[in-house]
>>> print(open('coords-v1.csv').read())   # CSV, C-alpha atoms
chain,number,residue,atom,x,y,z
P,1,MET,CA,-36.7,79.5,-54.8
P,2,LYS,CA,-39.6,79.5,-57.2
P,3,ARG,CA,-38.9,81.0,-60.6
P,4,PHE,CA,-41.6,83.1,-62.2
P,5,PHE,CA,-42.5,83.3,-65.9
P,6,TRP,CA,-43.0,87.1,-66.1
P,7,PRO,CA,-39.5,88.3,-65.3
P,8,LYS,CA,-38.2,86.2,-68.3
P,9,ILE,CA,-40.8,87.8,-70.6
P,10,ILE,CA,-39.9,91.3,-69.4
P,11,SER,CA,-36.2,90.5,-69.7
P,12,PHE,CA,-36.8,89.4,-73.3
P,13,ILE,CA,-38.8,92.5,-74.1
P,14,LEU,CA,-36.0,94.7,-72.7
P,15,VAL,CA,-33.3,92.9,-74.7
P,16,VAL,CA,-35.3,93.3,-77.9
P,17,PHE,CA,-35.9,97.0,-77.0
P,18,PHE,CA,-32.1,97.7,-76.5
P,19,ILE,CA,-31.2,95.8,-79.7
P,20,GLY,CA,-33.8,97.9,-81.5
P,21,LEU,CA,-32.3,101.0,-79.9
P,22,LEU,CA,-28.8,100.1,-81.1
P,23,LEU,CA,-30.1,99.5,-84.6
P,24,TRP,CA,-31.9,102.8,-84.6
P,25,LEU,CA,-28.6,104.5,-83.5
P,26,VAL,CA,-26.7,102.8,-86.3
P,27,ASN,CA,-29.3,103.9,-88.8
P,28,LYS,CA,-29.1,107.5,-87.4
P,29,ASN,CA,-25.3,107.6,-87.6
P,30,PHE,CA,-25.0,105.9,-91.0
P,31,PRO,CA,-27.8,107.6,-92.9
P,32,LEU,CA,-28.8,105.9,-96.1
P,33,SER,CA,-28.8,109.2,-98.0
P,34,GLY,CA,-25.2,109.7,-96.9
P,35,GLN,CA,-26.2,113.0,-95.4
P,36,LEU,CA,-27.0,114.0,-91.8
P,37,GLU,CA,-28.9,117.3,-91.3
P,38,ILE,CA,-28.5,119.3,-88.1
P,39,THR,CA,-30.6,122.4,-87.5
P,40,GLY,CA,-29.5,124.8,-84.8
P,41,GLN,CA,-31.9,126.1,-82.2
P,42,PRO,CA,-31.4,129.7,-81.1
P,43,GLY,CA,-29.9,130.0,-77.7
P,44,LYS,CA,-29.8,126.3,-77.1
P,45,ASP,CA,-26.9,123.9,-76.9
P,46,LEU,CA,-27.7,120.7,-78.9
P,47,PRO,CA,-25.5,117.5,-78.5
P,48,MET,CA,-24.1,118.0,-82.0
P,49,LEU,CA,-24.3,121.8,-82.4
P,50,SER,CA,-23.7,124.5,-79.8
P,51,ARG,CA,-25.4,127.8,-79.6
P,52,LEU,CA,-23.7,130.9,-81.0
P,53,GLY,CA,-21.3,132.6,-78.5
P,54,PRO,CA,-19.9,134.4,-76.7
P,55,ASP,CA,-23.0,135.7,-75.1
P,56,PRO,CA,-22.2,139.4,-75.0
P,57,ARG,CA,-22.0,139.4,-78.8
P,58,ILE,CA,-25.3,137.8,-79.3
P,59,LYS,CA,-28.9,138.9,-78.6
P,60,LEU,CA,-31.9,136.7,-78.8
P,61,VAL,CA,-35.1,138.2,-80.1
P,62,LYS,CA,-38.0,135.9,-80.7
P,63,ASP,CA,-36.5,133.1,-82.7
P,64,TYR,CA,-33.7,135.2,-84.2
P,65,GLN,CA,-30.1,135.4,-83.1
P,66,ILE,CA,-28.7,138.9,-83.5
P,67,VAL,CA,-25.0,139.3,-83.9
P,68,LEU,CA,-23.9,142.6,-82.3
P,69,ASP,CA,-20.2,142.4,-82.6
P,70,ASN,CA,-17.6,140.7,-84.9
P,71,GLN,CA,-16.7,137.1,-84.5
P,72,VAL,CA,-19.2,134.7,-83.0
P,73,TYR,CA,-18.4,131.0,-82.7
P,74,PHE,CA,-20.2,127.7,-82.7
P,75,ASP,CA,-19.0,124.2,-82.1
P,76,LEU,CA,-19.9,121.1,-84.2
P,77,ARG,CA,-19.6,117.6,-82.8
P,78,SER,CA,-19.5,115.1,-85.6
P,79,LEU,CA,-18.4,111.5,-86.3
P,80,PRO,CA,-15.2,110.7,-88.2
P,81,TRP,CA,-16.8,109.2,-91.3
P,82,PHE,CA,-18.4,112.5,-92.4
P,83,GLU,CA,-15.9,114.1,-94.7
P,84,LYS,CA,-17.7,117.2,-95.9
P,85,ILE,CA,-19.5,119.9,-93.8
P,86,ARG,CA,-22.0,122.1,-95.6
P,87,ILE,CA,-23.2,125.1,-93.6
P,88,LYS,CA,-26.4,126.9,-94.7
P,89,LEU,CA,-27.0,130.3,-93.0
P,90,ILE,CA,-30.1,132.3,-93.5
P,91,PHE,CA,-29.5,135.9,-92.4
P,92,ARG,CA,-30.5,139.5,-92.9
P,93,PRO,CA,-27.9,142.3,-92.8
P,94,ALA,CA,-29.2,145.2,-90.6
P,95,GLY,CA,-26.2,147.5,-90.6
P,96,ARG,CA,-23.8,144.6,-90.5
P,97,LYS,CA,-22.7,142.4,-93.4
P,98,LEU,CA,-21.6,138.8,-93.4
P,99,ASP,CA,-17.9,138.4,-94.3
P,100,GLY,CA,-17.7,134.7,-94.1
P,101,ILE,CA,-17.4,131.6,-92.0
P,102,GLY,CA,-14.1,130.2,-90.9
P,103,GLY,CA,-13.2,126.7,-89.7
P,104,GLN,CA,-10.5,126.5,-87.0
P,105,THR,CA,-7.3,125.2,-88.5
P,106,GLY,CA,-5.1,124.9,-85.4
P,107,PRO,CA,-5.0,125.5,-81.7
P,108,GLY,CA,-5.7,129.1,-80.6
P,109,PHE,CA,-6.9,131.7,-83.0
P,110,GLN,CA,-6.3,130.1,-86.3
P,111,TYR,CA,-9.2,130.2,-88.7
P,112,ASP,CA,-9.5,129.8,-92.4
P,113,LEU,CA,-12.2,132.3,-93.4
P,114,LYS,CA,-14.2,131.4,-96.4
P,115,LYS,CA,-16.5,133.4,-98.5
P,116,PRO,CA,-19.9,131.8,-99.3
P,117,LEU,CA,-20.1,129.5,-102.3
P,118,LEU,CA,-23.4,130.9,-103.1
P,119,ILE,CA,-25.7,133.7,-101.7
P,120,THR,CA,-29.3,133.7,-102.8
P,121,ASP,CA,-32.1,136.0,-101.8
P,122,VAL,CA,-35.1,134.4,-100.1
P,123,SER,CA,-38.4,135.9,-99.2
P,124,GLY,CA,-38.7,138.7,-96.6
P,125,ASN,CA,-35.3,140.3,-97.3
P,126,TRP,CA,-33.5,137.3,-96.0
P,127,GLN,CA,-30.4,135.9,-97.7
P,128,GLU,CA,-29.2,132.3,-97.8
P,129,ALA,CA,-25.4,131.7,-97.8
P,130,ILE,CA,-23.9,128.2,-98.4
P,131,PHE,CA,-20.4,127.3,-97.3
P,132,ASP,CA,-18.5,124.0,-97.9
P,133,PHE,CA,-15.7,122.7,-95.7
P,134,SER,CA,-13.6,119.6,-95.8
P,135,ALA,CA,-13.7,118.0,-92.4
P,136,ALA,CA,-10.1,116.8,-92.6
P,137,LYS,CA,-8.8,120.3,-92.9
P,138,ILE,CA,-10.5,121.6,-89.7
P,139,TYR,CA,-8.7,121.2,-86.4
P,140,GLN,CA,-10.6,119.1,-83.9
P,141,GLN,CA,-10.3,118.5,-80.2
P,142,LYS,CA,-11.6,115.0,-79.6
P,143,ASN,CA,-14.5,115.3,-82.1
P,144,VAL,CA,-15.4,118.9,-81.7
P,145,ARG,CA,-14.7,121.4,-84.5
P,146,ARG,CA,-15.0,125.2,-84.0
P,147,PHE,CA,-16.3,127.7,-86.6
P,148,LEU,CA,-16.5,131.4,-86.5
P,149,ILE,CA,-18.9,133.7,-88.2
P,150,SER,CA,-17.3,136.9,-89.3
P,151,SER,CA,-19.2,140.1,-89.9
P,152,SER,CA,-18.4,143.8,-90.3
P,153,GLN,CA,-20.3,147.0,-89.9
P,154,ILE,CA,-21.6,148.5,-93.2
P,155,ASP,CA,-21.2,152.1,-91.9
P,156,PRO,CA,-18.3,152.3,-89.3
P,157,ASN,CA,-20.1,155.1,-87.4
P,158,ILE,CA,-23.4,153.4,-87.0
P,159,PRO,CA,-23.5,150.1,-84.9
P,160,GLY,CA,-25.3,147.5,-86.9
P,161,GLU,CA,-26.7,144.0,-86.4
P,162,LEU,CA,-26.7,140.8,-88.4
P,163,ILE,CA,-29.9,138.9,-87.9
P,164,ILE,CA,-29.5,135.1,-88.1
P,165,LYS,CA,-32.7,133.2,-88.8
P,166,SER,CA,-31.3,129.7,-89.1
P,167,LEU,CA,-28.1,127.8,-89.1
P,168,GLU,CA,-28.3,124.4,-90.8
P,169,ILE,CA,-25.5,121.9,-91.1
P,170,SER,CA,-25.3,119.0,-93.4
P,171,LEU,CA,-22.7,116.3,-92.7
P,172,ILE,CA,-21.9,114.4,-95.9
P,173,ARG,CA,-20.1,111.1,-96.1
J,174,MET,CA,-56.3,71.8,-41.4
J,175,LYS,CA,-55.2,75.4,-41.7
J,176,ILE,CA,-55.1,76.9,-45.1
J,177,LYS,CA,-52.5,79.6,-45.5
J,178,LEU,CA,-53.0,82.2,-48.1
J,179,ASN,CA,-50.0,84.3,-48.9
J,180,PHE,CA,-50.8,86.2,-52.1
J,181,PHE,CA,-48.9,89.3,-51.0
J,182,LYS,CA,-45.6,87.6,-50.5
J,183,ARG,CA,-45.8,85.9,-53.8
J,184,LYS,CA,-46.4,89.2,-55.6
J,185,THR,CA,-43.5,90.8,-53.8
J,186,ARG,CA,-41.1,88.0,-54.9
J,187,LEU,CA,-42.3,88.4,-58.5
J,188,TRP,CA,-41.8,92.1,-58.3
J,189,VAL,CA,-38.2,91.6,-56.9
J,190,GLU,CA,-37.4,89.2,-59.7
J,191,ILE,CA,-38.7,91.7,-62.4
J,192,VAL,CA,-36.6,94.5,-60.8
J,193,GLN,CA,-33.5,92.2,-60.8
J,194,GLU,CA,-34.0,91.5,-64.5
J,195,ILE,CA,-34.4,95.2,-65.2
J,196,PHE,CA,-31.2,95.9,-63.2
J,197,GLU,CA,-29.1,93.4,-65.1
J,198,ILE,CA,-30.2,94.4,-68.5
J,199,ALA,CA,-30.2,98.2,-68.0
J,200,PHE,CA,-26.7,97.9,-66.5
J,201,MET,CA,-25.4,95.7,-69.3
J,202,ALA,CA,-26.9,98.1,-71.9
J,203,PHE,CA,-25.3,101.1,-70.1
J,204,VAL,CA,-21.9,99.4,-70.2
J,205,ILE,CA,-22.2,98.5,-73.9
J,206,PHE,CA,-23.4,102.0,-74.9
J,207,TYR,CA,-20.7,103.6,-72.8
J,208,ALA,CA,-18.0,101.5,-74.4
J,209,ILE,CA,-19.3,102.3,-77.9
J,210,ASP,CA,-19.3,106.0,-77.1
J,211,TYR,CA,-15.8,105.8,-75.6
J,212,PHE,CA,-14.4,104.6,-78.8
J,213,LEU,CA,-16.7,106.6,-81.1
J,214,PRO,CA,-17.5,109.8,-79.1
J,215,GLY,CA,-20.9,111.0,-80.1
J,216,PHE,CA,-22.3,107.8,-81.6
J,217,ILE,CA,-24.6,107.3,-78.7
J,218,THR,CA,-24.4,110.7,-76.8
J,219,ASN,CA,-25.4,112.7,-79.9
J,220,TRP,CA,-28.8,111.1,-79.7
J,221,PHE,CA,-29.4,110.3,-76.0
J,222,SER,CA,-27.5,110.1,-72.8
J,223,PRO,CA,-26.8,106.5,-71.5
J,224,ILE,CA,-26.6,107.9,-68.0
J,225,TRP,CA,-30.4,107.3,-67.9
J,226,LEU,CA,-29.8,103.6,-68.2
J,227,LEU,CA,-27.4,103.8,-65.2
J,228,ILE,CA,-30.0,105.7,-63.2
J,229,LEU,CA,-32.6,103.0,-64.1
J,230,ALA,CA,-30.1,100.3,-63.1
J,231,LEU,CA,-29.3,102.0,-59.8
J,232,ILE,CA,-32.9,102.5,-58.9
J,233,SER,CA,-33.9,98.9,-59.8
J,234,GLY,CA,-30.7,97.6,-58.0
J,235,ILE,CA,-31.6,99.5,-54.8
J,236,ILE,CA,-35.2,98.2,-54.9
J,237,ALA,CA,-34.1,94.6,-55.6
J,238,ASN,CA,-31.6,94.7,-52.7
J,239,THR,CA,-33.8,96.3,-50.1
J,240,ASN,CA,-36.6,93.8,-50.9
J,241,ASP,CA,-34.5,90.7,-51.3
>>> encode(input="coords-v1.csv", output="structure tokens")
Amino acid sequence: MKRFFWPKIISFILVVFFIGLLLWLVNKNFPLSGQLEITGQPGKDLPMLSRLGPDPRIKLVKDYQIVLDNQVYFDLRSLPWFEKIRIKLIFRPAGRKLDGIGGQTGPGFQYDLKKPLLITDVSGNWQEAIFDFSAAKIYQQKNVRRFLISSSQIDPNIPGELIIKSLEISLIR
Amino acid sequence: MKIKLNFFKRKTRLWVEIVQEIFEIAFMAFVIFYAIDYFLPGFITNWFSPIWLLILALISGIIANTND
């Protein structure tokens, strides 16, 4: 059977492409800065970060996620060499205030609720809260860690909402 | 003397060989990526799904076999 020249060229190009892809993945998973940023997308499950749930407690309006009831959850899928998890939440209390974010510490309903390290006012009545967690202290199933966002009504007689503008997570080595 | 021109057949064989190469490399890449992700879950699948490589390998494998 006659061998052609082109298949070898294509094969070489593909091998180079896959080696490049592997190097790109190594670079993505071991960032030079030592920090990997993940930004949540409202109502969308990303490979690393799930959307907020359960659905009956969340309402999506434009690009905002509105928390209607207490305790909403999200899952984070991270790699073992990231030791610290920093969560940055931009929110606006509309009859509901943010109590904190908790990382799951064991199977079932076991959460260690943390108050924000820092809350700053940002433009447009938004507030930015920062939370730090040690990855080792959070229970994980395979490589998935669960967090809850706890909120409470400001006035118990008036149902309120907590508007979440963005959820950003930094994984730090 | 009869001159036989058979350009089409030549092109078909070239195409089959290209598809065979794509099959081999896509399948090997799928196996390697799958193995990495098995030991380090999320290393590959946090960025893209290696199942596309398996689909590419399957399609090229079927084409290569049906035209062989």
>>> residues_around(input="coords-v1.csv", residues="stretch 151-168 of chain P", least_positions_apart="3", cutoff="9 Å", atoms="only C-alpha atoms", output="PyMOL selection string")
chain P and resi 37-42+63-72+86-101+126
>>> closest_atom_pairs(input="coords-v1.csv", of="chain P", to="chain J", cutoff="10 Å", atoms="only C-alpha atoms", output="CSV")
residue,atom,partner,partner_atom,distance
P:Met1,CA,J:Arg186,CA,9.6
P:Lys2,CA,J:Arg186,CA,8.9
P:Arg3,CA,J:Glu190,CA,8.4
P:Phe4,CA,J:Leu187,CA,6.5
P:Phe5,CA,J:Leu187,CA,9.0
P:Trp6,CA,J:Ile191,CA,7.3
P:Pro7,CA,J:Ile191,CA,4.5
P:Lys8,CA,J:Glu194,CA,7.8
P:Ile9,CA,J:Ile191,CA,9.3
P:Ile10,CA,J:Ile191,CA,7.1
P:Ser11,CA,J:Glu194,CA,5.7
P:Phe12,CA,J:Glu194,CA,9.5
P:Leu14,CA,J:Ile198,CA,7.2
P:Val15,CA,J:Ile198,CA,7.1
P:Phe18,CA,J:Ala202,CA,7.0
P:Ile19,CA,J:Ala202,CA,9.2
P:Leu22,CA,J:Phe206,CA,8.4
P:Leu25,CA,J:Ile217,CA,6.8
P:Val26,CA,J:Phe216,CA,8.2
P:Lys28,CA,J:Trp220,CA,8.5
P:Asn29,CA,J:Phe216,CA,6.7
P:Phe30,CA,J:Phe216,CA,10.0
P:Leu46,CA,J:Asn219,CA,8.4
P:Pro47,CA,J:Asn219,CA,5.0
P:Met48,CA,J:Asn219,CA,5.8
P:Leu49,CA,J:Asn219,CA,9.5
P:Arg77,CA,J:Gly215,CA,7.2
P:Ser78,CA,J:Gly215,CA,7.0
P:Leu79,CA,J:Gly215,CA,6.7
P:Pro80,CA,J:Leu213,CA,8.3
P:Lys142,CA,J:Pro214,CA,7.9
P:Asn143,CA,J:Pro214,CA,6.9
P:Val144,CA,J:Pro214,CA,9.7
>>> residues_near_point(input="coords-v1.csv", point="(-14.4, 122.6, -82.3)", cutoff="8 Å", atoms="all atoms listed in the file", output="VMD selection string")
chain P and resid 74 to 77 104 139 to 141 143 to 147
>>> atom_distance(input="coords-v1.csv", atom1="atom CA of P:Asn27", atom2="atom CA of J:Val204")
20.5 Å
>>> atom_distance(input="coords-v1.csv", atom1="atom CA of P:Pro54", atom2="atom CA of P:Tyr73")
7.1 Å
>>> atom_distance(input="coords-v1.csv", atom1="atom CA of P:Ile149", atom2="atom CA of P:Arg57")
11.4 Å
>>> residues_around(input="coords-v1.csv", residues="P:Tyr111", least_positions_apart="2", cutoff="8 Å", atoms="all atoms listed in the file", output="list of chain:residue names")
P:Gly102, P:Gly103, P:Gln104, P:Thr105, P:Gly106, P:Phe109, P:Leu113, P:Phe147, P:Leu148
>>> write_last_selection(input="coords-v1.csv", atoms="C-alpha atoms", output="tab-separated table (two decimals), in the frame of the given file")
chain	number	residue	atom	x	y	z
P	102	GLY	CA	-14.10	130.20	-90.90
P	103	GLY	CA	-13.20	126.70	-89.70
P	104	GLN	CA	-10.50	126.50	-87.00
P	105	THR	CA	-7.30	125.20	-88.50
P	106	GLY	CA	-5.10	124.90	-85.40
P	109	PHE	CA	-6.90	131.70	-83.00
P	113	LEU	CA	-12.20	132.30	-93.40
P	147	PHE	CA	-16.30	127.70	-86.60
P	148	LEU	CA	-16.50	131.40	-86.50
>>> closest_residue(input="coords-v1.csv", among="P:Lys44, P:Ala129, P:Ser150, P:Leu52", to="P:Leu117", atoms="all atoms listed in the file")
P:Ala129
>>> decode(input="coords-v1.csv", residues="stretch 183-219 of chain J", atoms="N, CA and C atoms", output="JSON list (two decimals), in the first residue's frame")
[["chain", "number", "residue", "atom", "x", "y", "z"],
["J", 183, "ARG", "N", -7.19, 7.58, -5.71],
["J", 183, "ARG", "CA", -6.00, 8.02, -4.99],
["J", 183, "ARG", "C", -6.40, 8.99, -3.86],
["J", 184, "LYS", "N", -7.31, 9.92, -4.24],
["J", 184, "LYS", "CA", -7.75, 10.89, -3.24],
["J", 184, "LYS", "C", -8.49, 10.19, -2.09],
["J", 185, "THR", "N", -9.26, 9.19, -2.41],
["J", 185, "THR", "CA", -10.03, 8.48, -1.39],
["J", 185, "THR", "C", -9.09, 7.80, -0.40],
["J", 186, "ARG", "N", -8.02, 7.18, -0.90],
["J", 186, "ARG", "CA", -7.08, 6.50, 0.00],
["J", 186, "ARG", "C", -6.36, 7.51, 0.90],
["J", 187, "LEU", "N", -6.03, 8.66, 0.31],
["J", 187, "LEU", "CA", -5.37, 9.71, 1.10],
["J", 187, "LEU", "C", -6.30, 10.15, 2.25],
["J", 188, "TRP", "N", -7.58, 10.34, 1.90],
["J", 188, "TRP", "CA", -8.57, 10.75, 2.88],
["J", 188, "TRP", "C", -8.70, 9.72, 4.01],
["J", 189, "VAL", "N", -8.72, 8.44, 3.62],
["J", 189, "VAL", "CA", -8.84, 7.37, 4.62],
["J", 189, "VAL", "C", -7.63, 7.37, 5.55],
["J", 190, "GLU", "N", -6.46, 7.57, 4.98],
["J", 190, "GLU", "CA", -5.25, 7.58, 5.83],
["J", 190, "GLU", "C", -5.24, 8.76, 6.79],
["J", 191, "ILE", "N", -5.72, 9.92, 6.30],
["J", 191, "ILE", "CA", -5.80, 11.10, 7.17],
["J", 191, "ILE", "C", -6.75, 10.81, 8.33],
["J", 192, "VAL", "N", -7.90, 10.24, 8.00],
["J", 192, "VAL", "CA", -8.92, 9.95, 9.01],
["J", 192, "VAL", "C", -8.40, 8.92, 10.01],
["J", 193, "GLN", "N", -7.62, 7.95, 9.53],
["J", 193, "GLN", "CA", -7.03, 6.96, 10.44],
["J", 193, "GLN", "C", -6.07, 7.61, 11.44],
["J", 194, "GLU", "N", -5.27, 8.56, 10.93],
["J", 194, "GLU", "CA", -4.34, 9.27, 11.81],
["J", 194, "GLU", "C", -5.12, 10.07, 12.86],
["J", 195, "ILE", "N", -6.20, 10.74, 12.39],
["J", 195, "ILE", "CA", -7.02, 11.54, 13.33],
["J", 195, "ILE", "C", -7.61, 10.62, 14.40],
["J", 196, "PHE", "N", -8.09, 9.45, 13.96],
["J", 196, "PHE", "CA", -8.66, 8.49, 14.91],
["J", 196, "PHE", "C", -7.65, 8.10, 15.99],
["J", 197, "GLU", "N", -6.46, 7.70, 15.53],
["J", 197, "GLU", "CA", -5.44, 7.22, 16.48],
["J", 197, "GLU", "C", -5.06, 8.30, 17.50],
["J", 198, "ILE", "N", -4.82, 9.50, 16.99],
["J", 198, "ILE", "CA", -4.34, 10.55, 17.89],
["J", 198, "ILE", "C", -5.46, 11.05, 18.81],
["J", 199, "ALA", "N", -6.67, 11.22, 18.26],
["J", 199, "ALA", "CA", -7.79, 11.69, 19.09],
["J", 199, "ALA", "C", -8.11, 10.67, 20.18],
["J", 200, "PHE", "N", -8.03, 9.39, 19.83],
["J", 200, "PHE", "CA", -8.34, 8.35, 20.83],
["J", 200, "PHE", "C", -7.27, 8.30, 21.92],
["J", 201, "MET", "N", -6.00, 8.41, 21.49],
["J", 201, "MET", "CA", -4.90, 8.40, 22.48],
["J", 201, "MET", "C", -5.02, 9.62, 23.40],
["J", 202, "ALA", "N", -5.31, 10.78, 22.81],
["J", 202, "ALA", "CA", -5.44, 12.00, 23.61],
["J", 202, "ALA", "C", -6.60, 11.85, 24.59],
["J", 203, "PHE", "N", -7.70, 11.24, 24.13],
["J", 203, "PHE", "CA", -8.85, 11.02, 25.03],
["J", 203, "PHE", "C", -8.44, 10.14, 26.21],
["J", 204, "VAL", "N", -7.73, 9.05, 25.93],
["J", 204, "VAL", "CA", -7.32, 8.11, 27.00],
["J", 204, "VAL", "C", -6.40, 8.82, 28.00],
["J", 205, "ILE", "N", -5.44, 9.59, 27.48],
["J", 205, "ILE", "CA", -4.49, 10.30, 28.36],
["J", 205, "ILE", "C", -5.23, 11.33, 29.22],
["J", 206, "PHE", "N", -6.10, 12.14, 28.59],
["J", 206, "PHE", "CA", -6.83, 13.17, 29.33],
["J", 206, "PHE", "C", -7.79, 12.54, 30.35],
["J", 207, "TYR", "N", -8.40, 11.45, 29.96],
["J", 207, "TYR", "CA", -9.34, 10.78, 30.86],
["J", 207, "TYR", "C", -8.59, 10.23, 32.09],
["J", 208, "ALA", "N", -7.39, 9.65, 31.83],
["J", 208, "ALA", "CA", -6.59, 9.10, 32.93],
["J", 208, "ALA", "C", -6.14, 10.21, 33.88],
["J", 209, "ILE", "N", -5.72, 11.35, 33.33],
["J", 209, "ILE", "CA", -5.30, 12.47, 34.18],
["J", 209, "ILE", "C", -6.48, 12.93, 35.04],
["J", 210, "ASP", "N", -7.64, 13.04, 34.41],
["J", 210, "ASP", "CA", -8.82, 13.53, 35.14],
["J", 210, "ASP", "C", -9.34, 12.52, 36.15],
["J", 211, "TYR", "N", -9.05, 11.25, 35.93],
["J", 211, "TYR", "CA", -9.47, 10.22, 36.89],
["J", 211, "TYR", "C", -8.70, 10.37, 38.20],
["J", 212, "PHE", "N", -7.39, 10.64, 38.07],
["J", 212, "PHE", "CA", -6.56, 10.79, 39.27],
["J", 212, "PHE", "C", -6.64, 12.19, 39.87],
["J", 213, "LEU", "N", -6.85, 13.20, 39.03],
["J", 213, "LEU", "CA", -6.99, 14.57, 39.52],
["J", 213, "LEU", "C", -8.31, 15.13, 38.97],
["J", 214, "PRO", "N", -9.43, 14.79, 39.62],
["J", 214, "PRO", "CA", -10.72, 15.21, 39.05],
["J", 214, "PRO", "C", -10.80, 16.74, 38.92],
["J", 215, "GLY", "N", -11.13, 17.17, 37.75],
["J", 215, "GLY", "CA", -11.26, 18.60, 37.51],
["J", 215, "GLY", "C", -10.08, 19.19, 36.75],
["J", 216, "PHE", "N", -8.96, 18.49, 36.71],
["J", 216, "PHE", "CA", -7.77, 19.03, 36.03],
["J", 216, "PHE", "C", -8.09, 19.31, 34.55],
["J", 217, "ILE", "N", -8.79, 18.38, 33.93],
["J", 217, "ILE", "CA", -9.16, 18.56, 32.52],
["J", 217, "ILE", "C", -10.60, 19.06, 32.43],
["J", 218, "THR", "N", -11.51, 18.39, 33.15],
["J", 218, "THR", "CA", -12.94, 18.67, 32.96],
["J", 218, "THR", "C", -13.39, 20.01, 33.51],
["J", 219, "ASN", "N", -12.55, 20.69, 34.30],
["J", 219, "ASN", "CA", -12.90, 22.06, 34.70],
["J", 219, "ASN", "C", -12.78, 23.01, 33.52]]
